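Written out below as structure tokens is the structure these notes cover.
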Protein chains: 4
Amino acid sequence: MRTASIVASILDDLGFQLEMGRQVMASDYFMGKPNQEETAAHYQWALENGAKKEYIEAFTDGYTGIVATMDTKKDGPVIAFRVDMDALPIHESEADSHFPQKEGFRSAVPNTMHACGHDAHTTIGLGLASLIAENKDSLKGKIKLIFQPAEEGTRGARSMAEAGVVDDVDYLIASHVGTGVPDGHFVASKNGFLATSKLDVTFKGVSSHAGGNPEEGKNALLAAASAALNIYAIPRHSEGATRINVGELHAGSGRNIIADKALLKIETRGETTKINEYVKAQAEAVIAGSAQMYGVEYEIQTVGEAISAHGTKELASVLHGCAQEASYIKESILEDNSPAGSEDATFFMERVQQNGGQATYCIFGTELAAGHHNEKFDINEGTMMNAVQLLFESIKKLN
Amino acid sequence: MRTASIVASILDDLGFQLEMGRQVMASDYFMGKPNQEETAAHYQWALENGAKKEYIEAFTDGYTGIVATMDTKKDGPVIAFRVDMDALPIHESEADSHFPQKEGFRSAVPNTMHACGHDAHTTIGLGLASLIAENKDSLKGKIKLIFQPAEEGTRGARSMAEAGVVDDVDYLIASHVGTGVPDGHFVASKNGFLATSKLDVTFKGVSSHAGGNPEEGKNALLAAASAALNIYAIPRHSEGATRINVGELHAGSGRNIIADKALLKIETRGETTKINEYVKAQAEAVIAGSAQMYGVEYEIQTVGEAISAHGTKELASVLHGCAQEASYIKESILEDNSPAGSEDATFFMERVQQNGGQATYCIFGTELAAGHHNEKFDINEGTMMNAVQLLFESIKKLN
Amino acid sequence: MRTASIVASILDDLGFQLEMGRQVMASDYFMGKPNQEETAAHYQWALENGAKKEYIEAFTDGYTGIVATMDTKKDGPVIAFRVDMDALPIHESEADSHFPQKEGFRSAVPNTMHACGHDAHTTIGLGLASLIAENKDSLKGKIKLIFQPAEEGTRGARSMAEAGVVDDVDYLIASHVGTGVPDGHFVASKNGFLATSKLDVTFKGVSSHAGGNPEEGKNALLAAASAALNIYAIPRHSEGATRINVGELHAGSGRNIIADKALLKIETRGETTKINEYVKAQAEAVIAGSAQMYGVEYEIQTVGEAISAHGTKELASVLHGCAQEASYIKESILEDNSPAGSEDATFFMERVQQNGGQATYCIFGTELAAGHHNEKFDINEGTMMNAVQLLFESIKKLN
Amino acid sequence: MRTASIVASILDDLGFQLEMGRQVMASDYFMGKPNQEETAAHYQWALENGAKKEYIEAFTDGYTGIVATMDTKKDGPVIAFRVDMDALPIHESEADSHFPQKEGFRSAVPNTMHACGHDAHTTIGLGLASLIAENKDSLKGKIKLIFQPAEEGTRGARSMAEAGVVDDVDYLIASHVGTGVPDGHFVASKNGFLATSKLDVTFKGVSSHAGGNPEEGKNALLAAASAALNIYAIPRHSEGATRINVGELHAGSGRNIIADKALLKIETRGETTKINEYVKAQAEAVIAGSAQMYGVEYEIQTVGEAISAHGTKELASVLHGCAQEASYIKESILEDNSPAGSEDATFFMERVQQNGGQATYCIFGTELAAGHHNEKFDINEGTMMNAVQLLFESIKKLN
């Protein structure tokens with residue numbers, strides 16, 4: 001909230017028109033939101049730590065999305081940029097595309113990225129905002145900067161897409177730094193994102209003394225164990241890759257008590273949205289069947305979701321062209337279809353494409369390393385400047 | 001059917017009044033009957049092999065139960081004897097109490113007991129019938145001989161009990177030879193029979209090519225495997241012993257095809273009828289859950305069932321008294337409560353006791369051995385004569 | 001330790017000869033001991049909270065057993081009483097025979113029984129010690145009071161038995177209050193304790209990213225789930241009751257990571273020691289097989305164990321006789337064989353009986369209720385006085 | 001054997017030099033051969049049904065492979081053609097690439113393809129042999145026709161490759177008709193075959209009476225069920241597609257007996273040989289673990305195996321060129337990499353390529369339909385003539 005309020009304040013000063021919080025996030029689709037108490041505590045913390053009071057009111061309840069629009073008042077296309085704020089101080093990212101997570105050295109302690117100062121993506125977004133404001137008179141149409149909160153598990157984009165924030169967009173450009181692309185390289189259309197669903201499953205049975213009255217228990221641990229085993233046994237799909245994982249299972253409260261509670265944390269993936277839907281449906285059937293086997297109740301909560309998407313070639317070509325002309329880009333790749341993790345920017349992309357617009361997801365390569373912070377920070381600054389520059393060039397081309 | 005027709009013919013000649021076939025067997029409760037074709041083929045075979053044509057008509061469709069009543073026309077109790085014909089030539093018994101079965105040397109080839117000639121139980125029944133007929137004038141009340149077919153898997157008694165054949169009975173005596181009781185010994189009340197259910201479960205899924213379209217299959221093999229595993233995991237019961245077995249699992253028709261059919265043969269047991277009902281209900285839940293897991297259909301067929309029962313002490317004491325007076329009985333035991341297999345005579349016992357009558361299940365010890373047939377046969381003949389004598393004595397005592 | 005040091009101090013003052021700590025506990029058999037750090041911290045706490053400094057040194061490292069012997073110097077039998085200190089402030093008991101545990105209202109917060117003041121069993125032990133000391137001159141032989149620590153999970157007795165503390169004992173009387181026996185009633189020989197083993201199982205696999213490199217993981221969660229399911233499927237035993245429970249399963253550390261660690265808390269039980277050994281061996285095979293399936297390592301730690309035992313009828317009759325003569329005992333039962341939980345006093349009983357001595361486990365009924373502490377405390381005091389009196393009477397009878 | 005002897009007779013007449021039976025098949029690698037009795041019976045049948053006596057002796061024991069070499073005695077390359085006889089009358093093919101199998105309308109009755117007359121592949125092979133013999137004088141080098149038996153489950157090729165029959169080969173062309181390629185179309189290099197292993201697994205436990213002595217059994221059914229479930233749970237592989245199927249599970253011999261025998265028919269597949277090896281190794285670990293769980297013995301028999309392979313582009317281009325020039329080919333495709341079933345011709349291809357030679361697998365499209373036999377037969381004949389012609393053209397190009 002603190003960061004969101006500061007970002008909002010800067011954008012306001014630059015002359016952008018702001019829509020914030022619940023205006024730009026559909027609550028039905030904001031999955032896995034922290035509960036009220038956590039949110040309230042965080043609000044208090046933000047207030048005491050430099051949050052901008054006149055803006056933070058929009059973000060209470062944790063709806064921290066911002067859409068900043070620069071209307072040139074001249075005829076022209078609507079161009080949108082998606083900026084994710086998912087590496088903000090609140091909590092280090094658990095996105096698959098996040099390197100520390102992927103390699104397992106992500107900090108286990110929440111809020112430990114504070115010291116890092118500015119986050120690359122937000123910085124790029126604000127840098128781009130500055131350039132747009134400066135050059136406002138020479139531009140046409142509208143430019144929208146979408147600051148999306150999605151701290152973990154592909155949760156924020158769908159909510160904003162459902163709120164309609166990209167419904168008038170002609171060109172959508174989502175961007176990301178790093179993800180293994182070498183420093184100075186550029187990918188104009190990164191595809192290969194797997195559709196995914198993140199499910200939290202709870203089984204609720206009946207406890208009883210395992211020695212005294214075993215027949216009176218409804219064993220949630222066994223339901224969970226059986227579910228886990230059979231979920232992994234979900235068949236492959238002939239049309240593309242699938243993934244399935246039960247990452248956590250916690251059940252029971254005492255050695256000699258038949259377990260009355262169990263929790264499973266599940267992740268499904270599919271090469272296409274349809275394939276992921278198939279895996280998810282199978283997992284749901286297994287869970288329902290396991291519950292029936294042991295006479296226990298169950299609840300499935302979808303706490304994260306992303307679809308697959310494919311960039312629009314035309315738009316990718318425009319970016320590719322800009323990159324080829326830019327001296328600061330060593331090499332530009334039009335399209336990269338190798339398998340990637342999951343990304344919820346795909347919800348924006350699909351929405352724009354469904355409305356006849358164009359969308360792409362591009363990558364600015366960088367040497368994102370852990371450890372040598374100062375040294376690296378220089379490199380990152382370079383990458384960020386390049387990204388801001390290239391994205392601004394694309395606006396000019398598309399104008 | 002051949003044997004039944006011969007038995008009927010003899011009883012008719014002795015002056016017993018006969019009720020046969022569907023008159024004495026409720027079809028709703030005759031479980032696991034061979035199908036129509038098998039029955040028709042057997043009927044043909046029986047006709048060609050010495051069956052009594054005037055009686056066999058009553059037994060078409062395999063309903064081969066006979067109730068033979070000797071009505072003395074004098075006031076007095078109704079005394080019934082249950083004679084099981086389960087060791088008839090048709091098929092060697094698979095009852096748990098059957099020694100060759102228990103020890104695993106039961107012949108795998110159907111119909112191979114032909115050569116043995118007379119079966120002990122039927123012989124005892126007919127011997128008792130002769131004594132009753134000879135002594136008819138000195139007896140009172142009615143005497144009923146219930147010849148029950150139950151070739152395998154505890155299937156015949158319930159059907160006859162439901163048809164009401166013991167509803168007028170004051171004293172019911174079921175008897176068995178052998179079952180581990182030493183030669184010359186007698187048990188007046190054998191208890192400890194476990195209630196049991198025999199279930200045939202079929203799963204019906206959808207086959208598909210395992211390489212080409214794995215996602216299109218509905219895997220009956222996995223449903224069956226999961227059911228088997230979870231059925232064994234049904235919890236113990238604090239009120240008494242339980243047993244559960246999946247004796248057979250057959251699934252699938254080709255290595256590279258997702259299996260669309262599976263069959264499970266299951267047996268549940270419980271120290272009491274209630275406990276067995278508990279195990280059965282749990283098994284049914286597991287089966288339903290497994291089917292749901294894999295999106296397959298299922299059918300559960302109960303092909304055999306027996307309840308638990310406890311002999312009436314009063315009646316047991318009468319038999320114990322007769323045995324103690326009989327010179328040919330070396331030792332008589334009033335009551336034996338050690339765990340035994342399952343027996344569907346318990347359906348008769350419960351019915352009689354519910355109507356205020358008395359019932360017991362007694363054992364005539366013998367040296368039932370395999371191998372030395374001739375030698376043994378002498379011993380058996382002795383046992384049979386003793387059994388006939390003792391049962392007849394009990395009629396006199398109860399008269 | 002604090003309590004142990006106070007108990008030791010009192011017994012010393014009364015003239016008992018003391019053996020303490022590692023003198024009376026064989027370290028090879030002291031299972032599930034808290035680790036060094038916890039023990040050291042507790043030691044510190046005890047020192048600061050009134051522990052008797054001159055005694056506590058014996059109990060460092062958590063070996064808090066005490067054997068107090070009163071040697072009358074006159075010829076006579078060795079009579080021993082086992083006093084468990086398992087309801088001491090350290091941690092509320094999780095023993096099956098502990099009512100709050102059984103009924104599920106046991107406090108989840110450690111150390112919350114402080115307020116209760118003296119614990120019934122220890123109080124009985126000290127009360128008995130006082131009577132013995134007062135009447136020392138009129139007694140013969142030796143009287144041993146065995147204060148056994150066994151805070152949770154049947155852990156302390158075996159260690160003391162293996163140390164030889166009952167090897168010279170002619171009569172061993174273990175006693176317990178409550179366990180469902182009505183107020184004022186007495187059971188001279190409580191049998192039916194199930195042999196039990198408590199196992200902590202850890203699986204150690206290899207984590208990997210479930211989306212990126214699923215084939216590189218060694219899935220500890222699946223090994224644990226498969227183990228749990230197949231452990232419940234361990235067959236029944238024809239010679240007596242069995243129990244098996246996986247009370248807790250905790251596995252994995254992130255939704256999208258293949259779990260590299262899993263923990264199972266298992267409890268096996270058997271009507272006899274042999275049957276429990278069978279169940280335990282089967283469970284161990286299942287665990288080893290599950291680990292092999294998934295290429296993970298495993299470790300099985302036995303953190304608690306108890307055997308079954310049966311009281312000596314002669315000794316029970318002596319106690320029964322005392323109880324029948326005592327006006328404060330409303331009703332005395334010689335022998336109660338109904339199924340009970342597990343108790344490690346059975347290790348003492350077996351050892352004494354193996355050496356030709358006699359042993360029994362007796363119960364003093366009481367109205368052990370939760371909630372109304374003051375009110376109840378009066379009742380308990382009554383029970384405790386009666387227990388002390390009756391146990392002292394038994395010494396006189398056995399002298 | 002009958003067909004093999006006739007084929008051998010024809011080739012001999014055409015002047016080919018023959019190597020047959022064990023000369024061209026390494027017995028260590030001839031998996032899943034029918035047993036001796038079946039083979040002997042079939043030998044007898046063949047003799048009585050027109051088999052060529054002077055040739056059949058080579059094929060006793062079921063080793064029915066033939067390598068026919070035409071040595072032009074002039075310098076030149078060794079060109080080999082693999083002709084599979086897997087659709088011979090003996091048994092309709094179960095290969096995945098076989099359309100009736102794939103679509104599920106393959107006859108369940110063995111030997112029912114008799115009526116069809118000639119089989120396409122063998123006919124093509126013999127047609128090609130005729131052309132070679134006729135044009136022998138204008139050809140150079142050696143031409144080898146490899147008639148491979150592989151009635152089911154990818155079993156024959158490896159045995160012939162291991163016997164060294166392609167070790168001198170410079171160009172290897174395997175061909176197939178149909179497999180979904182439209183009539184008149186040609187694929188010069190069909191890739192995408194999945195590596196596969198076919199495993200027969202038997203578990204051997206100990207039977208016991210499920211009611212009387214459940215603890216004495218070693219449950220092979222449960223081991224098999226647990227293996228099946230956990231085999232399906234083998235993780236996906238990030239480097240390519242995997243498939244796994246347990247197509248059949250048969251266990252147990254009686255409802256009330258703990259099953260002492262179980263059989264699983266398993267098939268693994270992988271996009272590359274390495275991936276399939278991974279899946280197979282995982283399956284083996286699961287099987288070993290399941291056996292350990294239940295204390296049963298197990299045996300894994302590999303009854304079929306194929307590797308993945310990729311055609312040599314150079315050789316494919318030659319065939320593509322011939323096809324483009326041929327008026328009877330409507331359209332030629334150089335390379336088709338879409339996923340296919342499995343093929344053991346890949347063993348020949350890998351061997352040739354490892355020795356520096358070139359290999360490809362080509363497809364002649366056809367309208368292989370069921371039902372309208374006469375009509376279709378015309379079309380097939382056309383396809384076969386075209387195939388013979390094109391393959392002969394390729395010899396001329398490669399000469």
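By convention in this document, the chains of the structure tokens carry letters A, B, ... by their order, each chain's residues are numbered from 1, and ligands are numbered from 1 in the order they are shown.
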Quiz item: Can you tell me, as a PyMOL selection string, what residues are no more than 10 Å from region 356-361 of chain D when counting only C-alpha atoms, ignoring any on the same chain fewer than 2 positions away?
Solution: chain D and resi 78-82+166-176+187-191+309-317+319+335+343+345-346+348-354+363
Quiz prompt | chain A contacts on chain D, only C-alpha atoms, 10 Å, as a list in words | solution = Ala228, Leu229, Asn230, Ile231, Tyr232, Ala233, Ile234, Pro235, Arg236, His237, Ser238, Glu239, Gly240, Ala241, Thr242, Arg243, Ile244, Asn245 and Pro339 of chain D
Those residues with N, CA and C atoms, as a short mmCIF file (atom, residue, chain, number, x, y, z; two decimals), in the first residue's frame please?
```cif
data_model
loop_
_atom_site.label_atom_id
_atom_site.label_comp_id
_atom_site.auth_asym_id
_atom_site.auth_seq_id
_atom_site.Cartn_x
_atom_site.Cartn_y
_atom_site.Cartn_z
N ALA D 228 0.59 -50.29 -9.44
CA ALA D 228 -0.14 -49.66 -10.54
C ALA D 228 -0.36 -48.18 -10.24
N LEU D 229 -0.84 -47.91 -9.05
CA LEU D 229 -1.17 -46.55 -8.66
C LEU D 229 0.07 -45.66 -8.68
N ASN D 230 1.15 -46.15 -8.11
CA ASN D 230 2.35 -45.34 -8.01
C ASN D 230 3.10 -45.24 -9.34
N ILE D 231 2.90 -46.21 -10.21
CA ILE D 231 3.52 -46.13 -11.54
C ILE D 231 2.87 -45.00 -12.35
N TYR D 232 1.56 -44.88 -12.23
CA TYR D 232 0.90 -43.76 -12.93
C TYR D 232 1.37 -42.42 -12.38
N ALA D 233 1.83 -42.43 -11.13
CA ALA D 233 2.26 -41.17 -10.50
C ALA D 233 3.69 -40.79 -10.83
N ILE D 234 4.36 -41.53 -11.70
CA ILE D 234 5.73 -41.18 -12.10
C ILE D 234 5.71 -39.79 -12.72
N PRO D 235 6.62 -38.92 -12.28
CA PRO D 235 6.55 -37.52 -12.74
C PRO D 235 6.81 -37.36 -14.24
N ARG D 236 6.26 -36.28 -14.79
CA ARG D 236 6.54 -35.87 -16.15
C ARG D 236 8.02 -35.54 -16.30
N HIS D 237 8.47 -35.43 -17.53
CA HIS D 237 9.87 -35.12 -17.79
C HIS D 237 9.92 -33.80 -18.56
N SER D 238 10.78 -32.91 -18.11
CA SER D 238 10.80 -31.57 -18.70
C SER D 238 11.34 -31.56 -20.13
N GLU D 239 12.04 -32.62 -20.53
CA GLU D 239 12.64 -32.60 -21.86
C GLU D 239 11.77 -33.20 -22.95
N GLY D 240 10.61 -33.70 -22.60
CA GLY D 240 9.75 -34.23 -23.65
C GLY D 240 8.64 -35.08 -23.10
N ALA D 241 7.78 -35.49 -24.02
CA ALA D 241 6.58 -36.23 -23.63
C ALA D 241 6.92 -37.60 -23.05
N THR D 242 6.11 -38.02 -22.12
CA THR D 242 6.19 -39.38 -21.57
C THR D 242 4.80 -39.99 -21.62
N ARG D 243 4.77 -41.30 -21.60
CA ARG D 243 3.51 -42.01 -21.46
C ARG D 243 3.76 -43.19 -20.55
N ILE D 244 2.71 -43.58 -19.85
CA ILE D 244 2.84 -44.73 -18.96
C ILE D 244 1.47 -45.38 -18.92
N ASN D 245 1.43 -46.68 -19.01
CA ASN D 245 0.14 -47.35 -18.88
C ASN D 245 0.32 -48.72 -18.24
N PRO D 339 4.09 -36.28 -33.34
CA PRO D 339 4.19 -37.47 -32.51
C PRO D 339 3.55 -38.69 -33.18
#
```
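Of the residues in region 293-333 of chain D, those given strand (DSSP E or B) by DSSP on the backbone are Glu297, Tyr298, Glu299, Ile300, Gln301, Thr302, Val303, Gly304, Glu305, Ala306, Glu331, Ser332 and Ile333 of chain D.
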Quiz item: In region 233-382 of chain B, what's helix (DSSP H, G or I) per DSSP? Answer as a PyMOL selection string?
Solution: chain B and resi 273-294+313-325+345-354+373-382
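Proximity of B:Lys396, B:Lys53, B:Lys261, B:Lys274 to Ser9 (chain B), computed with only C-alpha atoms, is greatest for B:Lys53.
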Exercise. Could you give me, as number ranges by chain, the residues within 10 Å of Arg158 (chain D), counting only C-alpha atoms and dropping anything in the same chain fewer than 4 positions from it?
Key: D: 25-26, 28-31, 148, 150, 154, 162-164, 304-307, 344-348, 351
Exercise. Within 12 Å of Ser327 (chain D), counting only C-alpha atoms, which residues show up once you throw out same-chain ones fewer than 3 positions away? Write them as an MDAnalysis selection string, please.
Key: chainID D and resid 184:185 321:324 330:332 386 389:390
